[in-house]
Amino acid sequence: MSQPRVQTHNTLRVEGAESHIRPDLLAVESPLIIKIGFGAMEDRKLETLALTMRTPGQDLELTLGWLIGERIIQHPEQVLRITHCEDVDKPEHRGNVVRVELKPTVNFDLALHRRNTLTSASCGICGTTSIEQLNETCAPVADQLRVDAGLILRLPEIQLASQPIFSHTGGLHAVGWFNPEGSCLAVREDIGRHNALDKVIGTAMQSGQFPLSNTLLLLSGRVGFELVQKAWRAGCEMIAAIGAPSSLAVETAKAANMTLVGFIRGGRYNVYHGAHRILSQTSTSNV
């Protein structure tokens with residue numbers, strides 16, 4: 001079953017002193033379960049091997065590339081068949097499970113290749129399940145933070161001044177940590193977006209400023225579900241980003257009562273949730 005790749009969401013578009021509600025397209029983010037069949041034909045085994053978050057589409061190609069990257073196979077001919085699994089226990093899982101059957105000649109060691117993150121709370125079989133789990137373990141974030149709208153527009157320039165490696169390579173992600181006045185508490189760079197955020201959260205813990213209530217984070221790229229999840233667990237009230245959020249990132253921000261801002265560029269930005277934390281807005285929207 002074909003899965004949607006985009007989702008429409010009403011956002012608050014802010015341009016100077018004016019703002020208005022407009023529909024915006026979000027890239028869909030949803031989990032893909034990889035199941036693997038292996039062993040002799042007379043004694044086949046089927047195991048769940050991994051879960052990855054992705055935008056639906058080209059799932060089979062994605063899975064094959066992942067298998068190569070993980071050195072489970074060395075060439076596609078080692079795959080007996082690969083297909084979306086129709087035998088699922090819930091209708092919402094349909095289209096989100098891929099089953100790979102390895103040829104009996106493939107030497108596959110499940111214990112060696114099973115992902116440690118498979119049963120992590122960061123990933124459930126579906127996004128709704130993951131958010132429900134977070135609701136059970138994490139309270140909504142605090143509601144202390146109030147930020148001037150003009151500061152949001154200045155954040156990328158402030159952060160860029162603290163990105164020495166990016167200024168030379170242009171190839172790293174960055175996460176900045178700011179107080180309501182716009183003072184930069186920390187900027188961390190990394191080739192991985194998740195790593196950069198982990199470094200900021202670790203810095204807050206080391207400096208005795210955890211949780212991150214009454215502060216905000218600026219992400220140099222797009223906002224995926226896992227990044228909002230990490231910020232929620234750290235108690236951060238606002239994520240602002242130069243790039244776009246995914247659909248599941250917006251859903252997670254709503255569940256956390258977190259303010260989520262994206263597409264900060266050219267004197268404007270979009271507010272996907274929690275506009276009440278941003279001062280000097282002209283709209284009384286409930287976004």
# chains A, B, ... in the order shown; residues from 1 in each chain; ligands from 1
>>> closest_atom_pairs(of="region 17-48 of chain A", to="region 246-253 of chain A", cutoff="10 Å", atoms="only C-alpha atoms", output="CSV")
residue,atom,partner,partner_atom,distance
A:Leu25,CA,A:Ser247,CA,8.8
A:Leu26,CA,A:Ser246,CA,5.3
A:Ala27,CA,A:Ser246,CA,5.0
A:Val28,CA,A:Ser247,CA,5.0
A:Glu29,CA,A:Leu248,CA,5.6
A:Ser30,CA,A:Leu248,CA,7.1
>>> write_last_selection(atoms="N, CA and C atoms", output="PDB file, in the first residue's frame")
ATOM      1  N   LEU A  25       3.221  22.315   3.370  1.00  0.00           N
ATOM      2  CA  LEU A  25       3.440  20.893   3.146  1.00  0.00           C
ATOM      3  C   LEU A  25       4.603  20.403   4.008  1.00  0.00           C
ATOM      4  N   LEU A  26       4.375  19.329   4.745  1.00  0.00           N
ATOM      5  CA  LEU A  26       5.402  18.716   5.571  1.00  0.00           C
ATOM      6  C   LEU A  26       5.819  17.391   4.952  1.00  0.00           C
ATOM      7  N   ALA A  27       7.103  17.115   4.979  1.00  0.00           N
ATOM      8  CA  ALA A  27       7.568  15.787   4.583  1.00  0.00           C
ATOM      9  C   ALA A  27       7.163  14.799   5.668  1.00  0.00           C
ATOM     10  N   VAL A  28       6.529  13.724   5.272  1.00  0.00           N
ATOM     11  CA  VAL A  28       6.071  12.732   6.236  1.00  0.00           C
ATOM     12  C   VAL A  28       7.263  11.950   6.786  1.00  0.00           C
ATOM     13  N   GLU A  29       7.254  11.739   8.076  1.00  0.00           N
ATOM     14  CA  GLU A  29       8.258  10.917   8.739  1.00  0.00           C
ATOM     15  C   GLU A  29       7.529   9.774   9.435  1.00  0.00           C
ATOM     16  N   SER A  30       7.880   8.547   9.126  1.00  0.00           N
ATOM     17  CA  SER A  30       7.234   7.392   9.740  1.00  0.00           C
ATOM     18  C   SER A  30       8.229   6.248   9.808  1.00  0.00           C
TER      19      SER A  30
END
>>> residues_around(residues="region 234-238 of chain A", least_positions_apart="3", cutoff="9 Å", atoms="only C-alpha atoms", output="PyMOL selection string")
chain A and resi 138-145+201+210-218+229-231+253+256-261+274+277
>>> write_last_selection(atoms="N, CA and C atoms", output="short mmCIF file (atom, residue, chain, number, x, y, z; two decimals), in the first residue's frame")
data_model
loop_
_atom_site.label_atom_id
_atom_site.label_comp_id
_atom_site.auth_asym_id
_atom_site.auth_seq_id
_atom_site.Cartn_x
_atom_site.Cartn_y
_atom_site.Cartn_z
N CYS A 138 7.14 11.26 29.94
CA CYS A 138 7.56 12.67 29.97
C CYS A 138 6.34 13.57 30.09
N ALA A 139 6.38 14.45 31.08
CA ALA A 139 5.31 15.45 31.20
C ALA A 139 5.49 16.51 30.13
N PRO A 140 4.41 17.24 29.78
CA PRO A 140 4.59 18.37 28.87
C PRO A 140 5.63 19.34 29.41
N VAL A 141 6.33 19.99 28.51
CA VAL A 141 7.40 20.90 28.94
C VAL A 141 6.81 22.10 29.68
N ALA A 142 7.68 22.82 30.39
CA ALA A 142 7.25 24.00 31.15
C ALA A 142 6.75 25.08 30.19
N ASP A 143 6.13 26.09 30.77
CA ASP A 143 5.60 27.20 29.95
C ASP A 143 6.09 28.53 30.50
N GLN A 144 7.40 28.63 30.70
CA GLN A 144 8.00 29.85 31.21
C GLN A 144 8.50 30.76 30.08
N LEU A 145 8.98 30.16 29.01
CA LEU A 145 9.73 30.87 27.98
C LEU A 145 8.85 31.84 27.21
N ILE A 201 22.82 18.86 24.97
CA ILE A 201 22.16 18.36 26.17
C ILE A 201 23.19 17.92 27.20
N PHE A 210 20.34 21.48 33.61
CA PHE A 210 19.37 20.52 33.11
C PHE A 210 18.24 20.39 34.11
N PRO A 211 16.97 20.39 33.65
CA PRO A 211 16.49 20.40 32.27
C PRO A 211 16.63 21.76 31.59
N LEU A 212 16.31 21.80 30.31
CA LEU A 212 16.52 23.00 29.49
C LEU A 212 15.29 23.89 29.46
N SER A 213 14.56 23.99 30.57
CA SER A 213 13.38 24.84 30.62
C SER A 213 13.79 26.31 30.51
N ASN A 214 12.88 27.10 29.99
CA ASN A 214 13.09 28.55 29.78
C ASN A 214 14.27 28.82 28.86
N THR A 215 14.54 27.89 27.95
CA THR A 215 15.56 28.10 26.92
C THR A 215 15.03 27.56 25.59
N LEU A 216 15.75 27.85 24.52
CA LEU A 216 15.36 27.35 23.20
C LEU A 216 16.57 26.83 22.46
N LEU A 217 16.30 25.97 21.47
CA LEU A 217 17.33 25.39 20.64
C LEU A 217 17.16 25.85 19.20
N LEU A 218 18.27 26.08 18.51
CA LEU A 218 18.25 26.38 17.08
C LEU A 218 18.96 25.26 16.35
N GLN A 229 11.89 14.63 20.06
CA GLN A 229 11.83 13.69 21.17
C GLN A 229 12.96 13.93 22.16
N LYS A 230 14.18 14.11 21.66
CA LYS A 230 15.33 14.38 22.54
C LYS A 230 15.13 15.68 23.30
N ALA A 231 14.64 16.71 22.59
CA ALA A 231 14.43 18.01 23.23
C ALA A 231 13.34 17.92 24.30
N ALA A 253 5.73 17.74 18.90
CA ALA A 253 5.78 19.06 19.55
C ALA A 253 4.43 19.40 20.17
N ALA A 256 4.02 17.50 23.37
CA ALA A 256 4.90 18.02 24.41
C ALA A 256 4.53 19.43 24.84
N ASN A 257 3.60 20.07 24.12
CA ASN A 257 3.29 21.49 24.30
C ASN A 257 4.54 22.35 24.09
N MET A 258 5.33 21.96 23.11
CA MET A 258 6.57 22.65 22.77
C MET A 258 6.32 23.59 21.58
N THR A 259 6.98 24.73 21.59
CA THR A 259 6.91 25.63 20.45
C THR A 259 7.86 25.13 19.36
N LEU A 260 7.35 25.06 18.13
CA LEU A 260 8.15 24.57 17.01
C LEU A 260 8.09 25.58 15.88
N VAL A 261 9.28 26.06 15.49
CA VAL A 261 9.42 27.09 14.45
C VAL A 261 10.33 26.54 13.36
N GLY A 274 2.62 26.30 19.30
CA GLY A 274 3.10 27.05 20.46
C GLY A 274 3.41 28.50 20.18
N ARG A 277 4.31 31.55 22.87
CA ARG A 277 5.60 31.85 23.50
C ARG A 277 6.37 32.94 22.75
#
>>> closest_residue(among="A:Leu12, A:Ile239, A:Leu153, A:Met205", to="Gly266 (chain A)", atoms="only C-alpha atoms")
A:Leu153
>>> residues_around(residues="region 66-76 of chain A", least_positions_apart="2", cutoff="9 Å", atoms="only C-alpha atoms", output="ChimeraX atom specification")
/A:61-64,78-80,102,106-109,113
>>> write_last_selection(atoms="N, CA and C atoms", output="short mmCIF file (atom, residue, chain, number, x, y, z; two decimals), in the first residue's frame")
data_model
loop_
_atom_site.label_atom_id
_atom_site.label_comp_id
_atom_site.auth_asym_id
_atom_site.auth_seq_id
_atom_site.Cartn_x
_atom_site.Cartn_y
_atom_site.Cartn_z
N GLU A 61 14.29 -0.25 -2.00
CA GLU A 61 15.64 0.21 -2.34
C GLU A 61 16.38 0.67 -1.08
N LEU A 62 15.66 1.38 -0.21
CA LEU A 62 16.25 1.83 1.05
C LEU A 62 16.76 0.62 1.85
N THR A 63 15.92 -0.42 1.91
CA THR A 63 16.29 -1.60 2.69
C THR A 63 17.50 -2.30 2.10
N LEU A 64 17.54 -2.43 0.81
CA LEU A 64 18.70 -3.07 0.17
C LEU A 64 19.98 -2.28 0.44
N GLN A 78 22.26 -11.89 -3.27
CA GLN A 78 22.15 -12.71 -2.06
C GLN A 78 20.75 -12.63 -1.43
N VAL A 79 19.89 -11.81 -2.01
CA VAL A 79 18.52 -11.68 -1.52
C VAL A 79 17.61 -12.58 -2.35
N LEU A 80 16.89 -13.44 -1.67
CA LEU A 80 15.96 -14.34 -2.35
C LEU A 80 14.73 -13.59 -2.82
N LEU A 102 16.76 -13.81 2.81
CA LEU A 102 18.12 -14.07 2.34
C LEU A 102 18.21 -15.48 1.74
N VAL A 106 23.63 -17.52 2.43
CA VAL A 106 24.16 -16.33 3.12
C VAL A 106 24.43 -16.68 4.58
N ASN A 107 25.63 -16.41 5.02
CA ASN A 107 26.03 -16.64 6.41
C ASN A 107 25.59 -15.44 7.24
N PHE A 108 24.43 -15.57 7.90
CA PHE A 108 23.86 -14.45 8.65
C PHE A 108 23.84 -14.77 10.13
N ASP A 109 24.43 -13.86 10.93
CA ASP A 109 24.49 -14.00 12.38
C ASP A 109 23.58 -12.94 12.99
N HIS A 113 24.16 -8.77 14.07
CA HIS A 113 23.61 -7.67 13.28
C HIS A 113 22.38 -7.00 13.88
#
>>> atom_distance(atom1="CA of Gly39 (chain A)", atom2="CA of Thr52 (chain A)")
24.0 Å
>>> residues_around(residues="His173 (chain A)", least_positions_apart="5", cutoff="10 Å", atoms="only C-alpha atoms", output="list in words")
Gln163, Ile165, Phe166, Arg188, Glu189, Asp190, Ile191, Gly192, Arg193, His194, Asn195, Ala196, Leu197, Leu219, Ser220, Gly221 and Arg222 of chain A
>>> decode(residues="region 26-86 of chain A", atoms="C-alpha atoms", output="mmCIF file, in the first residue's frame")
data_model
loop_
_atom_site.group_PDB
_atom_site.id
_atom_site.type_symbol
_atom_site.label_atom_id
_atom_site.label_comp_id
_atom_site.auth_asym_id
_atom_site.auth_seq_id
_atom_site.Cartn_x
_atom_site.Cartn_y
_atom_site.Cartn_z
ATOM 1 C CA LEU A 26 5.402 18.716 5.571
ATOM 2 C CA ALA A 27 7.568 15.787 4.583
ATOM 3 C CA VAL A 28 6.071 12.732 6.236
ATOM 4 C CA GLU A 29 8.258 10.917 8.739
ATOM 5 C CA SER A 30 7.234 7.392 9.740
ATOM 6 C CA PRO A 31 8.934 4.188 10.879
ATOM 7 C CA LEU A 32 10.009 1.334 8.650
ATOM 8 C CA ILE A 33 10.439 -2.080 10.239
ATOM 9 C CA ILE A 34 12.910 -4.440 8.564
ATOM 10 C CA LYS A 35 12.206 -8.141 9.057
ATOM 11 C CA ILE A 36 14.678 -10.714 7.825
ATOM 12 C CA GLY A 37 14.244 -14.366 6.898
ATOM 13 C CA PHE A 38 17.327 -16.579 6.897
ATOM 14 C CA GLY A 39 18.623 -20.101 7.280
ATOM 15 C CA ALA A 40 18.152 -23.371 5.416
ATOM 16 C CA MET A 41 14.951 -23.681 3.397
ATOM 17 C CA GLU A 42 13.738 -26.523 5.627
ATOM 18 C CA ASP A 43 14.410 -24.495 8.793
ATOM 19 C CA ARG A 44 13.729 -20.838 7.978
ATOM 20 C CA LYS A 45 13.723 -18.219 10.712
ATOM 21 C CA LEU A 46 12.036 -14.789 10.591
ATOM 22 C CA GLU A 47 13.227 -12.032 12.914
ATOM 23 C CA THR A 48 12.700 -8.301 13.264
ATOM 24 C CA LEU A 49 16.107 -6.824 12.604
ATOM 25 C CA ALA A 50 15.819 -3.036 12.694
ATOM 26 C CA LEU A 51 13.607 0.023 12.709
ATOM 27 C CA THR A 52 14.448 3.238 10.909
ATOM 28 C CA MET A 53 12.579 6.518 10.514
ATOM 29 C CA ARG A 54 12.061 7.564 6.917
ATOM 30 C CA THR A 55 9.871 9.393 4.414
ATOM 31 C CA PRO A 56 7.830 6.655 2.673
ATOM 32 C CA GLY A 57 8.780 5.741 -0.881
ATOM 33 C CA GLN A 58 11.484 3.505 -2.353
ATOM 34 C CA ASP A 59 11.325 1.398 0.824
ATOM 35 C CA LEU A 60 12.698 -1.697 -0.872
ATOM 36 C CA GLU A 61 15.636 0.213 -2.338
ATOM 37 C CA LEU A 62 16.254 1.825 1.048
ATOM 38 C CA THR A 63 16.289 -1.603 2.685
ATOM 39 C CA LEU A 64 18.698 -3.074 0.174
ATOM 40 C CA GLY A 65 21.051 -0.137 0.581
ATOM 41 C CA TRP A 66 20.838 -0.518 4.357
ATOM 42 C CA LEU A 67 21.680 -4.223 4.103
ATOM 43 C CA ILE A 68 24.727 -3.395 2.010
ATOM 44 C CA GLY A 69 25.782 -0.652 4.372
ATOM 45 C CA GLU A 70 25.472 -2.968 7.352
ATOM 46 C CA ARG A 71 27.493 -5.660 5.539
ATOM 47 C CA ILE A 72 24.666 -8.154 5.882
ATOM 48 C CA ILE A 73 24.902 -8.740 2.142
ATOM 49 C CA GLN A 74 27.654 -7.930 -0.329
ATOM 50 C CA HIS A 75 25.485 -7.865 -3.463
ATOM 51 C CA PRO A 76 21.740 -7.938 -4.254
ATOM 52 C CA GLU A 77 21.915 -11.459 -5.629
ATOM 53 C CA GLN A 78 22.146 -12.705 -2.057
ATOM 54 C CA VAL A 79 18.517 -11.683 -1.521
ATOM 55 C CA LEU A 80 15.958 -14.340 -2.349
ATOM 56 C CA ARG A 81 13.043 -11.900 -2.281
ATOM 57 C CA ILE A 82 12.107 -8.556 -0.766
ATOM 58 C CA THR A 83 8.609 -7.178 -0.372
ATOM 59 C CA HIS A 84 6.319 -5.142 1.831
ATOM 60 C CA CYS A 85 4.854 -7.405 4.480
ATOM 61 C CA GLU A 86 1.056 -7.597 4.207
#
